[in-house]
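For reference, the structure discussed in these notes is given below.
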Amino acid sequence: MILHLNTQAELEDAIHALVKQDPRLKPIFEIAGMPALRRREPGYAGLAAIICGQQLSTASAAAIWSRVSAAFDPFHHDTLRKARAERLGRLGLSAAKIKTLKALAREIASERLNLDVLANEDADAAHNTLTALHGIGPWTADVYLLFCLGHGDAWPAGDLAVQEAVKIGLGLNTRPTAKQMAPIAEPWRPLRGAAAHLWWSYYRAIKKREGVVGGQDQRR
């Protein structure tokens with residue numbers, strides 16, 4: 001069964017279930033408190049915004065996305081597919097990101113890809129569908145599934161903040177790699193997305209700064 005985190009109440013129910021399911025999370029929850037639900041716009045625009053922000057500071061990413069979304073309003077995959085690369089470059093997008101956005105737009109236009117249906121697919125299958133696309137790395141895929149689609153089991157294994165929080169919270173000697181994060185999160189299925197919210201909240205509590213600091217996708 002696919003669970004979704006579309007409301008704060010659904011997230012809170014999931015967090016309580018996780019703490020009951022895994023006693024190791026009780027002290028994490030006591031320090032982190034109840035996390036707030038994070039959601040972003042779904043569809044092509046939502047994924048494009050994440051792509052635009054890959055490997056950039058929050059401020060830089062916001063500035064570029066503001067220019068891009070203002071230049072193409074309403075924001076639609078066909079408009080980006082037909083846009084000249086030179087125009088996109090002047091808005092601050094790198095050549096690699098332009099290539100990714102255009103490739104993604106072509107996949108959607110040809111109906112080979114439907115981003116909306118991913119919300120009802122198994123998290124691992126949906127992750128693999130996205131990472132098979134040009135320029136979409138694991139972190140970008142998981143952030144889209146979790147924040148844009150509210151997929152309850154999306155697990156951003158490559159997110160540095162989640163890795164650091166897990167290391168500290170579970171008393172590990174070293175920060176786990178993305179590969180090592182997979183078995184660590186197995187006990188939290190099918191609520192790994194809720195667990196990610198909890199770990200981000202824990203990171204913010206212990207580090208006194210915002211939780212999402214980026215993942216390990218290749219520079220775009």
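In the structure tokens, chains take letters A, B, ... by order of appearance, with residues numbered from 1 within each chain and ligands from 1 in the order shown.
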
Handout entry: Non-local contacts of segment 87-101 of chain A (7 Å; only C-alpha atoms; under 2 positions in same chain excluded) as a list of chain:residue names
Key = A:Ala48, A:Ile51, A:Cys52, A:Ile64, A:Arg67, A:Val68, A:Arg84, A:Ala85, A:Ala103, A:Leu104, A:Ala105, A:His134, A:Gly135, A:Arg220

Exercise for the section: Write out as JSON, numbers by chain which residues come within 6 Å of segment 27-36 of chain A when counting only C-alpha atoms, dropping same-chain ones fewer than 4 positions away. Expected result: {"A": [198, 201, 202, 205]}

Handout entry: Spatial neighbours of Met181 of chain A, 9 Å, only C-alpha atoms, chain gap at least 2 places, as an NGL selection string
Key = :A and (155-158 or 163 or 166 or 176-179 or 183-186)

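Residue nearest Arg39 of chain A within the list A:Ile168, A:Ile206, A:Leu5, A:Ala123: A:Leu5 [criterion: smallest interatomic distance, only C-alpha atoms].
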
Practice task
Identify, with DSSP run on backbone atoms, the residues in segment 11-218 of chain A assigned to alpha helix (DSSP H), and express the list as a PyMOL selection string.
Solution key: chain A and resi 11-21+25-32+43-52+58-71+77-82+85-90+95-109+123-131+138-143+160-169+178-185+192-207

As a PDB file with all heavy atoms, in the first residue's frame, please: the residues near Ala17 of chain A (cut-off 12 Å, only C-alpha atoms, same-chain neighbours under 4 positions excluded).
ATOM      1  N   GLU A  10      -1.542  13.895   8.387  1.00  0.00           N
ATOM      2  CA  GLU A  10      -1.034  12.616   7.884  1.00  0.00           C
ATOM      3  C   GLU A  10       0.430  12.419   8.281  1.00  0.00           C
ATOM      4  O   GLU A  10       0.839  11.302   8.631  1.00  0.00           O
ATOM      5  CB  GLU A  10      -1.192  12.551   6.364  1.00  0.00           C
ATOM      6  CG  GLU A  10      -2.643  12.381   5.922  1.00  0.00           C
ATOM      7  CD  GLU A  10      -2.805  12.470   4.418  1.00  0.00           C
ATOM      8  OE1 GLU A  10      -1.951  13.057   3.742  1.00  0.00           O
ATOM      9  OE2 GLU A  10      -3.829  11.952   3.922  1.00  0.00           O
ATOM     10  N   LEU A  11       1.210  13.494   8.231  1.00  0.00           N
ATOM     11  CA  LEU A  11       2.599  13.401   8.657  1.00  0.00           C
ATOM     12  C   LEU A  11       2.676  13.067  10.142  1.00  0.00           C
ATOM     13  O   LEU A  11       3.477  12.222  10.551  1.00  0.00           O
ATOM     14  CB  LEU A  11       3.333  14.714   8.367  1.00  0.00           C
ATOM     15  CG  LEU A  11       4.775  14.794   8.886  1.00  0.00           C
ATOM     16  CD1 LEU A  11       5.646  13.713   8.254  1.00  0.00           C
ATOM     17  CD2 LEU A  11       5.371  16.174   8.617  1.00  0.00           C
ATOM     18  N   GLU A  12       1.871  13.721  10.952  1.00  0.00           N
ATOM     19  CA  GLU A  12       1.906  13.482  12.390  1.00  0.00           C
ATOM     20  C   GLU A  12       1.514  12.044  12.729  1.00  0.00           C
ATOM     21  O   GLU A  12       2.133  11.404  13.585  1.00  0.00           O
ATOM     22  CB  GLU A  12       0.999  14.494  13.103  1.00  0.00           C
ATOM     23  CG  GLU A  12       1.546  15.917  13.017  1.00  0.00           C
ATOM     24  CD  GLU A  12       0.671  16.941  13.715  1.00  0.00           C
ATOM     25  OE1 GLU A  12      -0.289  16.520  14.411  1.00  0.00           O
ATOM     26  OE2 GLU A  12       0.950  18.150  13.577  1.00  0.00           O
ATOM     27  N   ASP A  13       0.499  11.529  12.041  1.00  0.00           N
ATOM     28  CA  ASP A  13       0.117  10.126  12.253  1.00  0.00           C
ATOM     29  C   ASP A  13       1.266   9.196  11.889  1.00  0.00           C
ATOM     30  O   ASP A  13       1.536   8.210  12.589  1.00  0.00           O
ATOM     31  CB  ASP A  13      -1.113   9.776  11.413  1.00  0.00           C
ATOM     32  CG  ASP A  13      -2.395  10.413  11.945  1.00  0.00           C
ATOM     33  OD1 ASP A  13      -2.394  10.873  13.102  1.00  0.00           O
ATOM     34  OD2 ASP A  13      -3.390  10.449  11.187  1.00  0.00           O
ATOM     35  N   GLN A  21       6.893   2.052  16.079  1.00  0.00           N
ATOM     36  CA  GLN A  21       7.452   0.941  15.308  1.00  0.00           C
ATOM     37  C   GLN A  21       8.930   0.713  15.607  1.00  0.00           C
ATOM     38  O   GLN A  21       9.398  -0.423  15.652  1.00  0.00           O
ATOM     39  CB  GLN A  21       7.253   1.269  13.824  1.00  0.00           C
ATOM     40  CG  GLN A  21       7.698   0.243  12.817  1.00  0.00           C
ATOM     41  CD  GLN A  21       7.320   0.701  11.411  1.00  0.00           C
ATOM     42  OE1 GLN A  21       6.205   1.138  11.169  1.00  0.00           O
ATOM     43  NE2 GLN A  21       8.260   0.622  10.487  1.00  0.00           N
ATOM     44  N   ASP A  22       9.675   1.787  15.835  1.00  0.00           N
ATOM     45  CA  ASP A  22      11.120   1.700  16.087  1.00  0.00           C
ATOM     46  C   ASP A  22      11.468   2.527  17.325  1.00  0.00           C
ATOM     47  O   ASP A  22      11.560   3.752  17.247  1.00  0.00           O
ATOM     48  CB  ASP A  22      11.890   2.221  14.872  1.00  0.00           C
ATOM     49  CG  ASP A  22      13.394   1.962  14.978  1.00  0.00           C
ATOM     50  OD1 ASP A  22      13.879   1.685  16.093  1.00  0.00           O
ATOM     51  OD2 ASP A  22      14.093   2.055  13.946  1.00  0.00           O
ATOM     52  N   PRO A  23      11.692   1.879  18.456  1.00  0.00           N
ATOM     53  CA  PRO A  23      11.985   2.597  19.714  1.00  0.00           C
ATOM     54  C   PRO A  23      13.209   3.503  19.624  1.00  0.00           C
ATOM     55  O   PRO A  23      13.322   4.457  20.399  1.00  0.00           O
ATOM     56  CB  PRO A  23      12.209   1.461  20.723  1.00  0.00           C
ATOM     57  CG  PRO A  23      11.488   0.292  20.145  1.00  0.00           C
ATOM     58  CD  PRO A  23      11.628   0.423  18.662  1.00  0.00           C
ATOM     59  N   LEU A  25      13.739   5.689  17.594  1.00  0.00           N
ATOM     60  CA  LEU A  25      13.319   7.013  17.133  1.00  0.00           C
ATOM     61  C   LEU A  25      12.667   7.845  18.234  1.00  0.00           C
ATOM     62  O   LEU A  25      12.460   9.042  18.046  1.00  0.00           O
ATOM     63  CB  LEU A  25      12.350   6.869  15.951  1.00  0.00           C
ATOM     64  CG  LEU A  25      12.930   6.231  14.682  1.00  0.00           C
ATOM     65  CD1 LEU A  25      11.864   6.162  13.603  1.00  0.00           C
ATOM     66  CD2 LEU A  25      14.149   6.992  14.198  1.00  0.00           C
ATOM     67  N   LYS A  26      12.363   7.225  19.369  1.00  0.00           N
ATOM     68  CA  LYS A  26      11.717   7.982  20.447  1.00  0.00           C
ATOM     69  C   LYS A  26      12.591   9.135  20.944  1.00  0.00           C
ATOM     70  O   LYS A  26      12.113  10.284  21.020  1.00  0.00           O
ATOM     71  CB  LYS A  26      11.345   7.053  21.599  1.00  0.00           C
ATOM     72  CG  LYS A  26      10.592   7.773  22.717  1.00  0.00           C
ATOM     73  CD  LYS A  26      10.167   6.815  23.820  1.00  0.00           C
ATOM     74  CE  LYS A  26       9.405   7.564  24.911  1.00  0.00           C
ATOM     75  NZ  LYS A  26       8.993   6.660  26.019  1.00  0.00           N
ATOM     76  N   PHE A  29      12.711  11.879  18.316  1.00  0.00           N
ATOM     77  CA  PHE A  29      11.484  12.658  18.291  1.00  0.00           C
ATOM     78  C   PHE A  29      11.423  13.631  19.465  1.00  0.00           C
ATOM     79  O   PHE A  29      10.969  14.773  19.321  1.00  0.00           O
ATOM     80  CB  PHE A  29      10.277  11.721  18.311  1.00  0.00           C
ATOM     81  CG  PHE A  29       8.944  12.416  18.333  1.00  0.00           C
ATOM     82  CD1 PHE A  29       8.592  13.312  17.329  1.00  0.00           C
ATOM     83  CD2 PHE A  29       8.035  12.177  19.355  1.00  0.00           C
ATOM     84  CE1 PHE A  29       7.361  13.957  17.342  1.00  0.00           C
ATOM     85  CE2 PHE A  29       6.809  12.819  19.373  1.00  0.00           C
ATOM     86  CZ  PHE A  29       6.469  13.705  18.369  1.00  0.00           C
ATOM     87  N   PRO A 187      13.733  -0.623   8.348  1.00  0.00           N
ATOM     88  CA  PRO A 187      12.695  -0.763   9.382  1.00  0.00           C
ATOM     89  C   PRO A 187      11.609   0.302   9.310  1.00  0.00           C
ATOM     90  O   PRO A 187      10.575   0.164   9.975  1.00  0.00           O
ATOM     91  CB  PRO A 187      13.487  -0.641  10.692  1.00  0.00           C
ATOM     92  CG  PRO A 187      14.896  -0.966  10.340  1.00  0.00           C
ATOM     93  CD  PRO A 187      15.078  -0.456   8.948  1.00  0.00           C
ATOM     94  N   TRP A 188      11.830   1.363   8.542  1.00  0.00           N
ATOM     95  CA  TRP A 188      10.880   2.479   8.499  1.00  0.00           C
ATOM     96  C   TRP A 188       9.927   2.403   7.316  1.00  0.00           C
ATOM     97  O   TRP A 188       9.066   3.279   7.156  1.00  0.00           O
ATOM     98  CB  TRP A 188      11.638   3.803   8.501  1.00  0.00           C
ATOM     99  CG  TRP A 188      12.607   3.892   9.647  1.00  0.00           C
ATOM    100  CD1 TRP A 188      12.441   3.358  10.898  1.00  0.00           C
ATOM    101  CD2 TRP A 188      13.895   4.510   9.630  1.00  0.00           C
ATOM    102  NE1 TRP A 188      13.555   3.600  11.672  1.00  0.00           N
ATOM    103  CE2 TRP A 188      14.465   4.324  10.928  1.00  0.00           C
ATOM    104  CE3 TRP A 188      14.633   5.213   8.685  1.00  0.00           C
ATOM    105  CZ2 TRP A 188      15.729   4.798  11.265  1.00  0.00           C
ATOM    106  CZ3 TRP A 188      15.889   5.698   9.017  1.00  0.00           C
ATOM    107  CH2 TRP A 188      16.427   5.492  10.304  1.00  0.00           C
ATOM    108  N   ARG A 189      10.074   1.395   6.457  1.00  0.00           N
ATOM    109  CA  ARG A 189       9.100   1.218   5.382  1.00  0.00           C
ATOM    110  C   ARG A 189       7.726   0.938   5.985  1.00  0.00           C
ATOM    111  O   ARG A 189       7.628   0.236   6.995  1.00  0.00           O
ATOM    112  CB  ARG A 189       9.498   0.043   4.477  1.00  0.00           C
ATOM    113  CG  ARG A 189      10.673   0.290   3.553  1.00  0.00           C
ATOM    114  CD  ARG A 189      10.913  -0.952   2.710  1.00  0.00           C
ATOM    115  NE  ARG A 189      12.078  -0.846   1.874  1.00  0.00           N
ATOM    116  CZ  ARG A 189      12.072  -0.373   0.615  1.00  0.00           C
ATOM    117  NH1 ARG A 189      10.936   0.033   0.076  1.00  0.00           N
ATOM    118  NH2 ARG A 189      13.171  -0.319  -0.092  1.00  0.00           N
ATOM    119  N   PRO A 190       6.636   1.393   5.377  1.00  0.00           N
ATOM    120  CA  PRO A 190       6.514   2.213   4.166  1.00  0.00           C
ATOM    121  C   PRO A 190       6.424   3.713   4.487  1.00  0.00           C
ATOM    122  O   PRO A 190       5.751   4.452   3.778  1.00  0.00           O
ATOM    123  CB  PRO A 190       5.208   1.709   3.562  1.00  0.00           C
ATOM    124  CG  PRO A 190       4.351   1.453   4.785  1.00  0.00           C
ATOM    125  CD  PRO A 190       5.307   0.961   5.856  1.00  0.00           C
ATOM    126  N   LEU A 191       7.118   4.119   5.546  1.00  0.00           N
ATOM    127  CA  LEU A 191       7.045   5.509   5.984  1.00  0.00           C
ATOM    128  C   LEU A 191       8.412   6.182   5.989  1.00  0.00           C
ATOM    129  O   LEU A 191       8.683   7.057   6.821  1.00  0.00           O
ATOM    130  CB  LEU A 191       6.426   5.577   7.392  1.00  0.00           C
ATOM    131  CG  LEU A 191       4.978   5.098   7.507  1.00  0.00           C
ATOM    132  CD1 LEU A 191       4.566   4.993   8.966  1.00  0.00           C
ATOM    133  CD2 LEU A 191       4.044   6.060   6.766  1.00  0.00           C
ATOM    134  N   ARG A 192       9.276   5.793   5.075  1.00  0.00           N
ATOM    135  CA  ARG A 192      10.621   6.382   5.068  1.00  0.00           C
ATOM    136  C   ARG A 192      10.581   7.880   4.785  1.00  0.00           C
ATOM    137  O   ARG A 192      11.453   8.623   5.228  1.00  0.00           O
ATOM    138  CB  ARG A 192      11.506   5.665   4.033  1.00  0.00           C
ATOM    139  CG  ARG A 192      11.821   4.220   4.394  1.00  0.00           C
ATOM    140  CD  ARG A 192      12.675   3.547   3.327  1.00  0.00           C
ATOM    141  NE  ARG A 192      11.991   3.541   2.044  1.00  0.00           N
ATOM    142  CZ  ARG A 192      12.563   3.174   0.893  1.00  0.00           C
ATOM    143  NH1 ARG A 192      13.833   2.799   0.884  1.00  0.00           N
ATOM    144  NH2 ARG A 192      11.875   3.198  -0.233  1.00  0.00           N
ATOM    145  N   ALA A 194       8.331   9.986   5.927  1.00  0.00           N
ATOM    146  CA  ALA A 194       8.069  10.611   7.224  1.00  0.00           C
ATOM    147  C   ALA A 194       9.329  10.583   8.076  1.00  0.00           C
ATOM    148  O   ALA A 194       9.633  11.541   8.795  1.00  0.00           O
ATOM    149  CB  ALA A 194       6.920   9.891   7.929  1.00  0.00           C
ATOM    150  N   ALA A 195      10.079   9.475   7.997  1.00  0.00           N
ATOM    151  CA  ALA A 195      11.339   9.388   8.735  1.00  0.00           C
ATOM    152  C   ALA A 195      12.307  10.468   8.281  1.00  0.00           C
ATOM    153  O   ALA A 195      13.015  11.066   9.108  1.00  0.00           O
ATOM    154  CB  ALA A 195      11.960   8.001   8.542  1.00  0.00           C
TER     155      ALA A 195
END

Exercise for the section: Quick one: everything within 8 Å of Pro42 of chain A, counting only C-alpha atoms, minus sequence neighbours fewer than 6 positions away in the same chain. Send it as JSON, numbers by chain. Expected result: {"A": [116, 144, 148, 149]}

Since we have the selection now, will you write its residues out, keeping N, CA, C and O atoms, as an mmCIF file, in the first residue's frame?
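As written to disk, result_12.cif reads:
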data_model
loop_
_atom_site.group_PDB
_atom_site.id
_atom_site.type_symbol
_atom_site.label_atom_id
_atom_site.label_comp_id
_atom_site.auth_asym_id
_atom_site.auth_seq_id
_atom_site.Cartn_x
_atom_site.Cartn_y
_atom_site.Cartn_z
ATOM 1 N N ASP A 116 2.888 12.576 -12.669
ATOM 2 C CA ASP A 116 1.850 12.471 -11.650
ATOM 3 C C ASP A 116 1.629 11.033 -11.178
ATOM 4 O O ASP A 116 1.338 10.796 -10.000
ATOM 5 N N TYR A 144 11.866 15.204 -5.282
ATOM 6 C CA TYR A 144 10.637 15.376 -6.053
ATOM 7 C C TYR A 144 9.530 14.470 -5.518
ATOM 8 O O TYR A 144 8.395 14.914 -5.286
ATOM 9 N N CYS A 148 7.187 17.068 -3.755
ATOM 10 C CA CYS A 148 6.227 17.458 -4.788
ATOM 11 C C CYS A 148 5.039 16.499 -4.878
ATOM 12 O O CYS A 148 3.927 16.915 -5.193
ATOM 13 N N LEU A 149 5.286 15.225 -4.620
ATOM 14 C CA LEU A 149 4.221 14.236 -4.728
ATOM 15 C C LEU A 149 3.735 13.725 -3.379
ATOM 16 O O LEU A 149 2.747 13.000 -3.314
#

Exercise for the section: Could you give me, as an MDAnalysis selection string, the residues within 10 Å of Ala126 of chain A, counting only C-alpha atoms and dropping anything in the same chain fewer than 3 positions from it? Expected result: chainID A and resid 115 117:123 129:131 141:142 145 151 154

Restricted to C-alpha atoms, what would the selected residues look like written as a compact mmCIF listing (two decimals), in the first residue's frame?
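So part_20.txt came out as:
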# COMPACT_ATOMS: atom_id res chain seq x y z
CA LEU A 115 5.19 12.57 -13.45
CA VAL A 117 1.46 8.68 -11.69
CA LEU A 118 4.72 8.29 -9.80
CA ALA A 119 2.88 9.23 -6.61
CA ASN A 120 1.08 5.87 -6.71
CA GLU A 121 4.05 3.72 -7.65
CA ASP A 122 6.37 1.88 -5.30
CA ALA A 123 8.96 4.39 -4.06
CA THR A 129 11.97 5.86 -13.37
CA LEU A 130 13.25 9.33 -12.57
CA THR A 131 16.95 8.50 -12.31
CA ALA A 141 14.41 12.14 -7.71
CA ASP A 142 13.80 11.57 -4.00
CA LEU A 145 8.85 12.24 -4.84
CA HIS A 151 5.21 10.01 -1.42
CA ALA A 154 10.51 8.24 -0.58
